file work-v9.pdb (PDB, C-alpha atoms)
ATOM      1  CA  VAL A  17       3.097  42.834 -25.207  1.00  0.00           C
ATOM      2  CA  SER A  18       4.255  43.409 -21.656  1.00  0.00           C
ATOM      3  CA  PRO A  19       7.380  41.410 -20.657  1.00  0.00           C
ATOM      4  CA  ALA A  20       6.081  41.211 -17.088  1.00  0.00           C
ATOM      5  CA  PRO A  21       5.085  37.769 -15.755  1.00  0.00           C
ATOM      6  CA  GLY A  22       1.494  36.776 -16.338  1.00  0.00           C
ATOM      7  CA  THR A  23      -1.128  37.007 -13.634  1.00  0.00           C
ATOM      8  CA  CYS A  24      -3.754  34.367 -12.970  1.00  0.00           C
ATOM      9  CA  ILE A  25      -7.126  36.094 -13.103  1.00  0.00           C
ATOM     10  CA  CYS A  26      -9.340  33.029 -12.857  1.00  0.00           C
ATOM     11  CA  ALA A  27      -7.929  30.625 -10.288  1.00  0.00           C
ATOM     12  CA  LEU A  28      -9.692  27.312  -9.878  1.00  0.00           C
ATOM     13  CA  ALA A  29     -10.732  25.923  -6.530  1.00  0.00           C
ATOM     14  CA  PRO A  30      -8.299  23.288  -5.238  1.00  0.00           C
ATOM     15  CA  ALA A  31      -9.258  19.729  -6.092  1.00  0.00           C
ATOM     16  CA  PRO A  32     -10.829  17.854  -3.167  1.00  0.00           C
ATOM     17  CA  PHE A  33      -8.628  15.484  -1.207  1.00  0.00           C
ATOM     18  CA  GLY A  34      -7.984  12.326  -3.170  1.00  0.00           C
ATOM     19  CA  LYS A  35      -8.292  14.062  -6.546  1.00  0.00           C
ATOM     20  CA  GLY A  36      -4.874  15.733  -6.550  1.00  0.00           C
ATOM     21  CA  LYS A  37      -2.804  14.414  -9.460  1.00  0.00           C
ATOM     22  CA  GLY A  38       0.637  15.107 -10.858  1.00  0.00           C
ATOM     23  CA  SER A  39       4.041  13.510 -11.202  1.00  0.00           C
ATOM     24  CA  PHE A  40       7.344  13.165  -9.384  1.00  0.00           C
ATOM     25  CA  GLU A  41      10.509  14.284 -11.157  1.00  0.00           C
ATOM     26  CA  TYR A  42      13.935  13.088 -10.063  1.00  0.00           C
ATOM     27  CA  HIS A  43      16.627  15.763  -9.690  1.00  0.00           C
ATOM     28  CA  PRO A  44      20.102  14.205  -9.380  1.00  0.00           C
ATOM     29  CA  THR A  45      22.746  15.745  -7.171  1.00  0.00           C
ATOM     30  CA  ALA A  46      26.249  16.710  -8.282  1.00  0.00           C
ATOM     31  CA  GLN A  47      27.628  13.361  -7.132  1.00  0.00           C
ATOM     32  CA  PRO A  48      29.021  11.402 -10.110  1.00  0.00           C
ATOM     33  CA  GLU A  49      27.374   8.255  -8.731  1.00  0.00           C
ATOM     34  CA  ASP A  50      23.930   9.843  -8.954  1.00  0.00           C
ATOM     35  CA  THR A  51      22.805   8.819 -12.439  1.00  0.00           C
ATOM     36  CA  GLY A  52      19.054   8.729 -11.891  1.00  0.00           C
ATOM     37  CA  GLY A  53      16.617  10.735 -13.938  1.00  0.00           C
ATOM     38  CA  GLY A  54      13.135  10.958 -15.373  1.00  0.00           C
ATOM     39  CA  ALA A  55       9.682  11.288 -13.871  1.00  0.00           C
ATOM     40  CA  VAL A  56       6.832   9.058 -12.778  1.00  0.00           C
ATOM     41  CA  GLY A  57       3.138   9.836 -12.718  1.00  0.00           C
ATOM     42  CA  PHE A  58       1.010   9.652  -9.581  1.00  0.00           C
ATOM     43  CA  GLY A  59      -1.670   7.032 -10.135  1.00  0.00           C
ATOM     44  CA  ASN A  60      -2.861   6.205  -6.629  1.00  0.00           C
ATOM     45  CA  ARG A  61      -6.631   6.059  -6.222  1.00  0.00           C
ATOM     46  CA  CYS A  62      -8.523   5.645  -2.966  1.00  0.00           C
ATOM     47  CA  ASP A  63     -12.149   4.585  -3.281  1.00  0.00           C
ATOM     48  CA  PRO A  64     -14.865   5.904  -0.941  1.00  0.00           C
ATOM     49  CA  GLN A  65     -16.432   3.806   1.805  1.00  0.00           C
ATOM     50  CA  PRO A  66     -17.523   1.066   2.059  1.00  0.00           C
ATOM     51  CA  ARG A  67     -15.125  -0.033  -0.696  1.00  0.00           C
ATOM     52  CA  ALA A  68     -12.151   1.245   1.333  1.00  0.00           C
ATOM     53  CA  ASP A  69     -11.345   3.455   4.328  1.00  0.00           C
ATOM     54  CA  LEU A  70      -8.286   5.462   3.283  1.00  0.00           C
ATOM     55  CA  LEU A  71     -10.136   8.332   1.618  1.00  0.00           C
ATOM     56  CA  GLU A  72     -12.325   8.862   4.681  1.00  0.00           C
ATOM     57  CA  GLN A  73      -9.233   8.656   6.905  1.00  0.00           C
ATOM     58  CA  GLN A  74      -7.432  11.286   4.776  1.00  0.00           C
ATOM     59  CA  ASN A  75      -4.484   8.934   4.335  1.00  0.00           C
ATOM     60  CA  PRO A  76      -1.492  10.777   2.785  1.00  0.00           C
ATOM     61  CA  THR A  77      -1.003   8.139   0.088  1.00  0.00           C
ATOM     62  CA  CYS A  78      -4.326   9.091  -1.546  1.00  0.00           C
ATOM     63  CA  ASP A  79      -3.235  12.479  -2.897  1.00  0.00           C
ATOM     64  CA  VAL A  80      -0.104  13.749  -4.641  1.00  0.00           C
ATOM     65  CA  ARG A  81      -0.132  16.853  -2.422  1.00  0.00           C
ATOM     66  CA  THR A  82       0.261  14.805   0.768  1.00  0.00           C
ATOM     67  CA  TYR A  83       2.225  11.801  -0.523  1.00  0.00           C
ATOM     68  CA  THR A  84       5.268  11.212   1.699  1.00  0.00           C
ATOM     69  CA  GLY A  85       7.021   8.574  -0.400  1.00  0.00           C
ATOM     70  CA  GLY A  86       6.626   4.900  -1.106  1.00  0.00           C
ATOM     71  CA  GLN A  87       6.719   2.479  -3.988  1.00  0.00           C
ATOM     72  CA  LEU A  88       5.947   5.209  -6.523  1.00  0.00           C
ATOM     73  CA  SER A  89       9.273   6.877  -5.717  1.00  0.00           C
ATOM     74  CA  CYS A  90      11.385   3.705  -5.859  1.00  0.00           C
ATOM     75  CA  HIS A  91      12.842   3.495  -9.359  1.00  0.00           C
ATOM     76  CA  HIS A  92      16.041   2.379 -11.046  1.00  0.00           C
ATOM     77  CA  MET A  93      18.996   4.546  -9.983  1.00  0.00           C
ATOM     78  CA  TRP A  94      16.847   6.889  -7.916  1.00  0.00           C
ATOM     79  CA  SER A  95      18.779   7.620  -4.724  1.00  0.00           C
ATOM     80  CA  LEU A  96      16.315   8.319  -1.906  1.00  0.00           C
ATOM     81  CA  LEU A  97      18.828  10.051   0.351  1.00  0.00           C
ATOM     82  CA  ASP A  98      19.277  13.633   1.512  1.00  0.00           C
ATOM     83  CA  ALA A  99      20.908  15.790  -1.157  1.00  0.00           C
ATOM     84  CA  ASP A 100      24.047  16.228   0.969  1.00  0.00           C
ATOM     85  CA  GLN A 101      24.276  12.544   1.920  1.00  0.00           C
ATOM     86  CA  PRO A 102      26.901  10.557  -0.013  1.00  0.00           C
ATOM     87  CA  ILE A 103      25.697   7.561  -2.005  1.00  0.00           C
ATOM     88  CA  PRO A 104      27.346   4.524  -0.354  1.00  0.00           C
ATOM     89  CA  TRP A 105      29.287   1.725  -2.062  1.00  0.00           C
ATOM     90  CA  PRO A 106      29.544   3.349  -5.508  1.00  0.00           C
ATOM     91  CA  GLU A 107      32.170   0.796  -6.579  1.00  0.00           C
ATOM     92  CA  THR A 108      30.371  -2.206  -5.081  1.00  0.00           C
ATOM     93  CA  PRO A 109      27.037  -2.890  -6.760  1.00  0.00           C
ATOM     94  CA  LEU A 110      24.645  -5.035  -4.772  1.00  0.00           C
ATOM     95  CA  VAL A 111      24.526  -8.455  -6.429  1.00  0.00           C
ATOM     96  CA  TYR A 112      22.034 -11.136  -5.461  1.00  0.00           C
ATOM     97  CA  GLN A 113      20.706 -14.377  -6.890  1.00  0.00           C
ATOM     98  CA  LEU A 114      17.184 -15.760  -7.079  1.00  0.00           C
ATOM     99  CA  LYS A 115      16.431 -19.470  -7.116  1.00  0.00           C
ATOM    100  CA  PHE A 116      13.097 -20.818  -8.315  1.00  0.00           C
ATOM    101  CA  ARG A 117      11.721 -24.334  -8.096  1.00  0.00           C
ATOM    102  CA  PHE A 118       8.598 -25.439  -9.943  1.00  0.00           C
ATOM    103  CA  TRP A 119       6.558 -28.614  -9.465  1.00  0.00           C
ATOM    104  CA  VAL A 120       4.498 -29.687 -12.472  1.00  0.00           C
ATOM    105  CA  GLN A 121       2.090 -32.479 -13.379  1.00  0.00           C
ATOM    106  CA  PRO A 122       0.792 -33.724 -16.720  1.00  0.00           C
ATOM    107  CA  PHE A 123      -2.564 -32.091 -17.349  1.00  0.00           C
ATOM    108  CA  ASN A 124      -5.543 -34.240 -16.403  1.00  0.00           C
ATOM    109  CA  ALA A 125      -8.876 -32.741 -17.449  1.00  0.00           C
ATOM    110  CA  SER A 126     -10.744 -34.859 -14.900  1.00  0.00           C
ATOM    111  CA  TYR A 127      -8.615 -33.532 -12.038  1.00  0.00           C
ATOM    112  CA  HIS A 128      -7.072 -30.148 -12.832  1.00  0.00           C
ATOM    113  CA  THR A 129      -9.267 -27.053 -12.853  1.00  0.00           C
ATOM    114  CA  GLN A 130      -8.378 -23.736 -14.442  1.00  0.00           C
ATOM    115  CA  LEU A 131      -8.422 -20.964 -11.810  1.00  0.00           C
ATOM    116  CA  ARG A 132      -8.715 -17.232 -12.283  1.00  0.00           C
ATOM    117  CA  ARG A 133      -6.778 -14.840 -10.086  1.00  0.00           C
ATOM    118  CA  THR A 134      -8.474 -11.726  -8.752  1.00  0.00           C
ATOM    119  CA  THR A 135      -6.749  -9.009  -6.733  1.00  0.00           C
ATOM    120  CA  TRP A 136      -8.822  -6.960  -4.298  1.00  0.00           C
ATOM    121  CA  GLY A 137      -6.742  -4.135  -2.867  1.00  0.00           C
ATOM    122  CA  ILE A 138      -8.182  -2.121   0.009  1.00  0.00           C
ATOM    123  CA  ALA A 139      -5.469   0.540  -0.038  1.00  0.00           C
ATOM    124  CA  SER A 140      -4.582   2.824  -2.958  1.00  0.00           C
ATOM    125  CA  PRO A 141      -4.954   0.042  -4.191  1.00  0.00           C
ATOM    126  CA  VAL A 142      -1.581  -1.299  -2.990  1.00  0.00           C
ATOM    127  CA  GLU A 143       0.237   1.004  -0.571  1.00  0.00           C
ATOM    128  CA  TYR A 144      -0.806   3.234   2.310  1.00  0.00           C
ATOM    129  CA  ASP A 145       0.661   5.120   5.267  1.00  0.00           C
ATOM    130  CA  VAL A 146       0.297   3.777   8.808  1.00  0.00           C
ATOM    131  CA  PRO A 147      -0.327   6.898  10.907  1.00  0.00           C
ATOM    132  CA  LYS A 148       1.011   7.601  14.365  1.00  0.00           C
ATOM    133  CA  CYS A 149      -2.017   6.738  16.470  1.00  0.00           C
ATOM    134  CA  GLY A 150      -3.509   8.809  19.236  1.00  0.00           C
ATOM    135  CA  PRO A 151      -6.834  10.290  20.333  1.00  0.00           C
ATOM    136  CA  GLY A 152      -8.857  11.504  17.366  1.00  0.00           C
ATOM    137  CA  VAL A 153      -6.725   9.828  14.668  1.00  0.00           C
ATOM    138  CA  GLU A 154      -9.019   8.185  12.107  1.00  0.00           C
ATOM    139  CA  GLY A 155      -8.837   4.393  12.057  1.00  0.00           C
ATOM    140  CA  CYS A 156      -7.006   4.137  15.391  1.00  0.00           C
ATOM    141  CA  ALA A 157      -8.360   2.479  18.523  1.00  0.00           C
ATOM    142  CA  LEU A 158      -6.877   1.950  21.970  1.00  0.00           C
ATOM    143  CA  GLU A 159      -6.641  -1.691  22.985  1.00  0.00           C
ATOM    144  CA  PRO A 160      -8.043  -2.943  26.330  1.00  0.00           C
ATOM    145  CA  ASP A 161      -4.547  -2.911  27.867  1.00  0.00           C
ATOM    146  CA  GLY A 162      -4.799   0.877  27.924  1.00  0.00           C
ATOM    147  CA  TYR A 163      -1.540   1.694  26.125  1.00  0.00           C
ATOM    148  CA  THR A 164      -1.477  -0.184  22.791  1.00  0.00           C
ATOM    149  CA  TRP A 165      -2.918   1.605  19.759  1.00  0.00           C
ATOM    150  CA  VAL A 166      -3.976  -0.324  16.636  1.00  0.00           C
ATOM    151  CA  HIS A 167      -4.761   1.168  13.236  1.00  0.00           C
ATOM    152  CA  ARG A 168      -7.291  -0.704  11.075  1.00  0.00           C
ATOM    153  CA  ILE A 169      -8.476  -0.415   7.488  1.00  0.00           C
ATOM    154  CA  THR A 170     -11.351  -2.347   5.937  1.00  0.00           C
ATOM    155  CA  GLY A 171     -12.864  -2.780   2.505  1.00  0.00           C
ATOM    156  CA  THR A 172     -16.103  -4.234   1.142  1.00  0.00           C
ATOM    157  CA  TYR A 173     -16.325  -5.603  -2.387  1.00  0.00           C
ATOM    158  CA  THR A 174     -18.652  -7.840  -4.380  1.00  0.00           C
ATOM    159  CA  GLY A 175     -17.334 -11.222  -5.465  1.00  0.00           C
ATOM    160  CA  GLY A 176     -18.723 -14.217  -7.259  1.00  0.00           C
ATOM    161  CA  GLY A 177     -17.865 -17.818  -8.005  1.00  0.00           C
ATOM    162  CA  ARG A 178     -16.212 -20.433  -5.829  1.00  0.00           C
ATOM    163  CA  LEU A 179     -13.224 -19.310  -3.777  1.00  0.00           C
ATOM    164  CA  ALA A 180     -10.400 -21.862  -3.984  1.00  0.00           C
ATOM    165  CA  ALA A 181      -7.749 -20.014  -1.969  1.00  0.00           C
ATOM    166  CA  ALA A 182      -7.022 -16.623  -0.436  1.00  0.00           C
ATOM    167  CA  HIS A 183      -3.500 -15.227  -0.121  1.00  0.00           C
ATOM    168  CA  PHE A 184      -3.015 -12.023   1.848  1.00  0.00           C
ATOM    169  CA  HIS A 185      -0.193  -9.536   1.496  1.00  0.00           C
ATOM    170  CA  CYS A 186       1.005  -7.423   4.387  1.00  0.00           C
ATOM    171  CA  HIS A 187       4.371  -6.430   5.818  1.00  0.00           C
ATOM    172  CA  ALA A 188       5.658  -7.384   9.262  1.00  0.00           C
ATOM    173  CA  PRO A 189       6.219  -6.181  11.881  1.00  0.00           C
ATOM    174  CA  THR A 190       3.623  -3.470  11.237  1.00  0.00           C
ATOM    175  CA  CYS A 191       0.998  -5.953  10.063  1.00  0.00           C
ATOM    176  CA  LEU A 192      -0.833  -7.586  12.973  1.00  0.00           C
ATOM    177  CA  SER A 193      -3.442  -9.618  11.059  1.00  0.00           C
ATOM    178  CA  VAL A 194      -5.590  -9.788   7.918  1.00  0.00           C
ATOM    179  CA  ALA A 195      -9.033 -11.398   7.737  1.00  0.00           C
ATOM    180  CA  MET A 196     -11.673 -12.034   5.065  1.00  0.00           C
ATOM    181  CA  TYR A 197     -15.403 -12.257   5.812  1.00  0.00           C
ATOM    182  CA  ARG A 198     -18.387 -13.325   3.716  1.00  0.00           C
ATOM    183  CA  CYS A 199     -21.627 -11.379   3.956  1.00  0.00           C
ATOM    184  CA  ASN A 200     -25.051 -11.313   2.354  1.00  0.00           C
ATOM    185  CA  MET A 201     -24.948  -7.807   0.916  1.00  0.00           C
ATOM    186  CA  SER A 202     -28.726  -7.744   0.522  1.00  0.00           C
ATOM    187  CA  GLU A 203     -28.898  -7.676   4.311  1.00  0.00           C
ATOM    188  CA  VAL A 204     -25.926  -5.485   5.283  1.00  0.00           C
ATOM    189  CA  HIS A 205     -24.231  -2.421   3.794  1.00  0.00           C
ATOM    190  CA  GLU A 206     -20.743  -3.120   5.105  1.00  0.00           C
ATOM    191  CA  CYS A 207     -19.033  -6.484   5.543  1.00  0.00           C
ATOM    192  CA  ASN A 208     -16.855  -6.818   8.647  1.00  0.00           C
ATOM    193  CA  ALA A 209     -16.235  -8.957  11.725  1.00  0.00           C
ATOM    194  CA  ALA A 210     -19.568  -7.938  13.240  1.00  0.00           C
ATOM    195  CA  THR A 211     -21.702  -8.658  10.175  1.00  0.00           C
ATOM    196  CA  GLY A 212     -19.947 -11.487   8.341  1.00  0.00           C
ATOM    197  CA  GLU A 213     -18.753 -15.083   8.466  1.00  0.00           C
ATOM    198  CA  LEU A 214     -14.982 -15.504   8.827  1.00  0.00           C
ATOM    199  CA  LEU A 215     -13.552 -17.274   5.765  1.00  0.00           C
ATOM    200  CA  CYS A 216      -9.826 -16.882   6.272  1.00  0.00           C
ATOM    201  CA  ARG A 217      -7.425 -15.135   8.648  1.00  0.00           C
ATOM    202  CA  GLU A 218      -3.678 -14.588   8.535  1.00  0.00           C
ATOM    203  CA  ASP A 219      -1.540 -13.829  11.584  1.00  0.00           C
ATOM    204  CA  PRO A 220       2.218 -13.259  11.303  1.00  0.00           C
ATOM    205  CA  VAL A 221       4.588 -15.494  13.263  1.00  0.00           C
ATOM    206  CA  TYR A 222       7.053 -13.377  15.202  1.00  0.00           C
ATOM    207  CA  GLY A 223      10.598 -14.429  15.933  1.00  0.00           C
ATOM    208  CA  GLY A 224      12.617 -13.937  19.070  1.00  0.00           C
ATOM    209  CA  THR A 225      14.193 -17.331  19.740  1.00  0.00           C
ATOM    210  CA  GLY A 226      16.297 -18.027  16.640  1.00  0.00           C
ATOM    211  CA  LYS A 227      19.859 -16.893  16.014  1.00  0.00           C
ATOM    212  CA  ILE A 228      18.832 -14.046  13.719  1.00  0.00           C
ATOM    213  CA  ASP A 229      15.397 -13.314  15.175  1.00  0.00           C
ATOM    214  CA  GLU A 230      14.644  -9.969  16.723  1.00  0.00           C
ATOM    215  CA  PRO A 231      12.229  -9.449  19.618  1.00  0.00           C
ATOM    216  CA  ARG A 232       8.746  -8.274  18.733  1.00  0.00           C
TER     217      ARG A 232
END
call {"tool": "encode", "arguments": {"input": "work-v9.pdb", "output": "structure tokens"}}
result
Amino acid sequence: VSPAPGTCICALAPAPFGKGKGSFEYHPTAQPEDTGGGAVGFGNRCDPQPRADLLEQQNPTCDVRTYTGGQLSCHHMWSLLDADQPIPWPETPLVYQLKFRFWVQPFNASYHTQLRRTTWGIASPVEYDVPKCGPGVEGCALEPDGYTWVHRITGTYTGGGRLAAAHFHCHAPTCLSVAMYRCNMSEVHECNAATGELLCREDPVYGGTGKIDEPR
């Protein structure tokens, strides 16, 4: 048996974008404060249109080969700094408190109705990268003012039942708005502002006047 390294004689074609899988392994530095370790699998999945836009837009969060970091790389004792950057406050752990308040009522079968929660993610399904917009960048459009670029993602899904409430999740200041539309899918292929009835819209409230507010 030859001790020489093996040679691949039957290489496979690279997986198409969005099908790249793998895991991220944490390599601690020599700093004594760096006690992280382990690995985490890459489970992001971006569905094709019209269910979601990210796969068509080639968003980096859809594939392990282009992933630039996010919630998948945030784990206990993982230091997301440069290898030569010292870990700050090693002797001062960050301590915080959470306070919860619950309001309850005695159950009344004639009044209270059991609800079922459904989550419809239009990203991967949770996170995604907001690209730097410009001419030719998928999902980006120049606003009428001639200098403001806005990146949009949409998703179409089939729902049923009676909608009691809708709660959106997006992060300011990047998030400009989120809207939900209802469509008759026997008449249209994609549900959006042009084809549907607006059910609910969320717009963030920006600060700028309070003591700790920052300008938009």
call {"tool": "residues_around", "arguments": {"input": "work-v9.pdb", "residues": "A:Thr51", "least_positions_apart": "5", "cutoff": "12 Å", "atoms": "all atoms listed in the file", "output": "list in words"}}
result
Tyr42, His43, Pro44, Thr45, Ala46, His91, His92, Met93, Trp94, Ser95, Ile103 and Pro106 of chain A
call {"tool": "resolve_selection", "arguments": {"input": "work-v9.pdb", "expression": "the PyMOL selection byres ((chain A and resi 67-69) around 8)", "output": "count of residues only"}}
result
16
call {"tool": "resolve_selection", "arguments": {"input": "work-v9.pdb", "expression": "the PyMOL selection byres ((chain A and resi 188) around 12)", "output": "MDAnalysis selection string"}}
result
chainID A and resid 185:187 189:194 218:223 230 232
call {"tool": "closest_residue", "arguments": {"input": "work-v9.pdb", "among": "A:Phe184, A:His128, A:Gly137, A:Glu143", "to": "A:Gly85", "atoms": "only C-alpha atoms"}}
result
A:Glu143
call {"tool": "resolve_selection", "arguments": {"input": "work-v9.pdb", "expression": "the PyMOL selection byres ((chain A and resi 147-158) around 9)", "output": "PyMOL selection string"}}
result
chain A and resi 69-70+72-75+145-146+159-169
call {"tool": "atom_distance", "arguments": {"input": "work-v9.pdb", "atom1": "atom CA of A:Ala195", "atom2": "atom CA of A:Ala182"}}
result
9.9 Å
call {"tool": "residues_around", "arguments": {"input": "work-v9.pdb", "residues": "A:Glu203", "least_positions_apart": "5", "cutoff": "12 Å", "atoms": "only C-alpha atoms", "output": "list in words"}}
result
Arg198, Thr211 and Gly212 of chain A
call {"tool": "closest_residue", "arguments": {"input": "work-v9.pdb", "among": "A:Ser126, A:Met196, A:Pro104, A:Cys24", "to": "A:Ala209", "atoms": "only C-alpha atoms"}}
result
A:Met196
call {"tool": "atom_distance", "arguments": {"input": "work-v9.pdb", "atom1": "atom CA of A:Phe40", "atom2": "atom CA of A:Asp100"}}
result
19.9 Å
call {"tool": "closest_residue", "arguments": {"input": "work-v9.pdb", "among": "A:Ile25, A:Thr77, A:Gly52, A:His205", "to": "A:Pro141", "atoms": "all atoms listed in the file"}}
result
A:Thr77
call {"tool": "decode", "arguments": {"input": "work-v9.pdb", "residues": "stretch 127-217 of chain A", "atoms": "C-alpha atoms", "output": "PDB file, in the first residue's frame"}}
result
ATOM      1  CA  TYR A 127     -65.828  33.406  26.325  1.00  0.00           C
ATOM      2  CA  HIS A 128     -62.294  32.041  25.994  1.00  0.00           C
ATOM      3  CA  THR A 129     -61.238  30.355  22.763  1.00  0.00           C
ATOM      4  CA  GLN A 130     -58.225  28.105  22.339  1.00  0.00           C
ATOM      5  CA  LEU A 131     -55.874  29.542  19.690  1.00  0.00           C
ATOM      6  CA  ARG A 132     -53.179  27.806  17.699  1.00  0.00           C
ATOM      7  CA  ARG A 133     -49.934  29.565  16.882  1.00  0.00           C
ATOM      8  CA  THR A 134     -48.444  29.235  13.414  1.00  0.00           C
ATOM      9  CA  THR A 135     -45.090  30.666  12.347  1.00  0.00           C
ATOM     10  CA  TRP A 136     -44.575  31.562   8.691  1.00  0.00           C
ATOM     11  CA  GLY A 137     -40.965  32.535   8.080  1.00  0.00           C
ATOM     12  CA  ILE A 138     -40.051  34.025   4.712  1.00  0.00           C
ATOM     13  CA  ALA A 139     -36.296  33.915   5.291  1.00  0.00           C
ATOM     14  CA  SER A 140     -34.199  30.809   5.993  1.00  0.00           C
ATOM     15  CA  PRO A 141     -36.703  30.506   7.738  1.00  0.00           C
ATOM     16  CA  VAL A 142     -35.564  33.025  10.379  1.00  0.00           C
ATOM     17  CA  GLU A 143     -32.443  34.978   9.425  1.00  0.00           C
ATOM     18  CA  TYR A 144     -31.114  36.519   6.229  1.00  0.00           C
ATOM     19  CA  ASP A 145     -28.493  38.987   5.007  1.00  0.00           C
ATOM     20  CA  VAL A 146     -29.481  42.496   3.916  1.00  0.00           C
ATOM     21  CA  PRO A 147     -27.259  43.168   0.891  1.00  0.00           C
ATOM     22  CA  LYS A 148     -25.601  46.435  -0.014  1.00  0.00           C
ATOM     23  CA  CYS A 149     -27.979  47.707  -2.673  1.00  0.00           C
ATOM     24  CA  GLY A 150     -27.062  49.066  -6.061  1.00  0.00           C
ATOM     25  CA  PRO A 151     -27.875  48.577  -9.742  1.00  0.00           C
ATOM     26  CA  GLY A 152     -28.420  44.917 -10.567  1.00  0.00           C
ATOM     27  CA  VAL A 153     -28.627  43.680  -6.954  1.00  0.00           C
ATOM     28  CA  GLU A 154     -31.539  41.242  -6.634  1.00  0.00           C
ATOM     29  CA  GLY A 155     -34.392  42.497  -4.465  1.00  0.00           C
ATOM     30  CA  CYS A 156     -33.188  46.114  -4.449  1.00  0.00           C
ATOM     31  CA  ALA A 157     -35.067  49.065  -5.915  1.00  0.00           C
ATOM     32  CA  LEU A 158     -34.282  52.770  -6.055  1.00  0.00           C
ATOM     33  CA  GLU A 159     -36.898  54.945  -4.391  1.00  0.00           C
ATOM     34  CA  PRO A 160     -38.473  57.940  -6.200  1.00  0.00           C
ATOM     35  CA  ASP A 161     -36.158  60.345  -4.344  1.00  0.00           C
ATOM     36  CA  GLY A 162     -33.351  59.078  -6.564  1.00  0.00           C
ATOM     37  CA  TYR A 163     -30.841  58.164  -3.846  1.00  0.00           C
ATOM     38  CA  THR A 164     -32.539  55.809  -1.353  1.00  0.00           C
ATOM     39  CA  TRP A 165     -32.280  52.075  -2.031  1.00  0.00           C
ATOM     40  CA  VAL A 166     -34.694  49.594  -0.418  1.00  0.00           C
ATOM     41  CA  HIS A 167     -34.291  45.822  -0.301  1.00  0.00           C
ATOM     42  CA  ARG A 168     -37.495  43.748  -0.206  1.00  0.00           C
ATOM     43  CA  ILE A 169     -38.294  40.085   0.339  1.00  0.00           C
ATOM     44  CA  THR A 170     -41.708  38.475  -0.050  1.00  0.00           C
ATOM     45  CA  GLY A 171     -43.262  35.091   0.573  1.00  0.00           C
ATOM     46  CA  THR A 172     -46.514  33.385  -0.417  1.00  0.00           C
ATOM     47  CA  TYR A 173     -48.007  30.604   1.685  1.00  0.00           C
ATOM     48  CA  THR A 174     -51.356  28.861   2.049  1.00  0.00           C
ATOM     49  CA  GLY A 175     -53.269  29.389   5.275  1.00  0.00           C
ATOM     50  CA  GLY A 176     -56.614  28.352   6.636  1.00  0.00           C
ATOM     51  CA  GLY A 177     -58.956  29.119   9.498  1.00  0.00           C
ATOM     52  CA  ARG A 178     -59.799  32.420  11.142  1.00  0.00           C
ATOM     53  CA  LEU A 179     -56.904  34.778  11.825  1.00  0.00           C
ATOM     54  CA  ALA A 180     -57.166  36.268  15.324  1.00  0.00           C
ATOM     55  CA  ALA A 181     -53.918  38.255  15.393  1.00  0.00           C
ATOM     56  CA  ALA A 182     -50.694  38.732  13.453  1.00  0.00           C
ATOM     57  CA  HIS A 183     -47.398  39.601  15.136  1.00  0.00           C
ATOM     58  CA  PHE A 184     -44.435  40.458  12.929  1.00  0.00           C
ATOM     59  CA  HIS A 185     -40.775  40.164  13.813  1.00  0.00           C
ATOM     60  CA  CYS A 186     -38.148  42.417  12.303  1.00  0.00           C
ATOM     61  CA  HIS A 187     -35.172  44.374  13.601  1.00  0.00           C
ATOM     62  CA  ALA A 188     -34.841  48.158  13.545  1.00  0.00           C
ATOM     63  CA  PRO A 189     -33.341  50.278  12.174  1.00  0.00           C
ATOM     64  CA  THR A 190     -32.883  48.040   9.127  1.00  0.00           C
ATOM     65  CA  CYS A 191     -36.544  47.023   9.048  1.00  0.00           C
ATOM     66  CA  LEU A 192     -38.717  49.626   7.318  1.00  0.00           C
ATOM     67  CA  SER A 193     -42.075  47.802   7.334  1.00  0.00           C
ATOM     68  CA  VAL A 194     -43.792  44.404   7.230  1.00  0.00           C
ATOM     69  CA  ALA A 195     -47.196  43.749   5.660  1.00  0.00           C
ATOM     70  CA  MET A 196     -49.544  40.779   5.241  1.00  0.00           C
ATOM     71  CA  TYR A 197     -51.968  40.415   2.323  1.00  0.00           C
ATOM     72  CA  ARG A 198     -54.820  38.001   1.633  1.00  0.00           C
ATOM     73  CA  CYS A 199     -55.287  36.615  -1.861  1.00  0.00           C
ATOM     74  CA  ASN A 200     -57.485  34.141  -3.689  1.00  0.00           C
ATOM     75  CA  MET A 201     -54.800  31.731  -4.851  1.00  0.00           C
ATOM     76  CA  SER A 202     -57.122  30.236  -7.460  1.00  0.00           C
ATOM     77  CA  GLU A 203     -56.868  33.561  -9.268  1.00  0.00           C
ATOM     78  CA  VAL A 204     -53.238  34.595  -8.695  1.00  0.00           C
ATOM     79  CA  HIS A 205     -49.916  32.756  -8.443  1.00  0.00           C
ATOM     80  CA  GLU A 206     -48.196  35.196  -6.106  1.00  0.00           C
ATOM     81  CA  CYS A 207     -49.729  37.201  -3.266  1.00  0.00           C
ATOM     82  CA  ASN A 208     -48.389  40.740  -2.856  1.00  0.00           C
ATOM     83  CA  ALA A 209     -49.427  44.387  -2.607  1.00  0.00           C
ATOM     84  CA  ALA A 210     -50.572  44.422  -6.230  1.00  0.00           C
ATOM     85  CA  THR A 211     -52.704  41.277  -6.067  1.00  0.00           C
ATOM     86  CA  GLY A 212     -53.976  41.081  -2.490  1.00  0.00           C
ATOM     87  CA  GLU A 213     -56.034  42.729   0.234  1.00  0.00           C
ATOM     88  CA  LEU A 214     -53.999  44.309   3.042  1.00  0.00           C
ATOM     89  CA  LEU A 215     -54.744  42.569   6.354  1.00  0.00           C
ATOM     90  CA  CYS A 216     -52.089  44.000   8.634  1.00  0.00           C
ATOM     91  CA  ARG A 217     -49.046  46.270   8.418  1.00  0.00           C
TER      92      ARG A 217
END
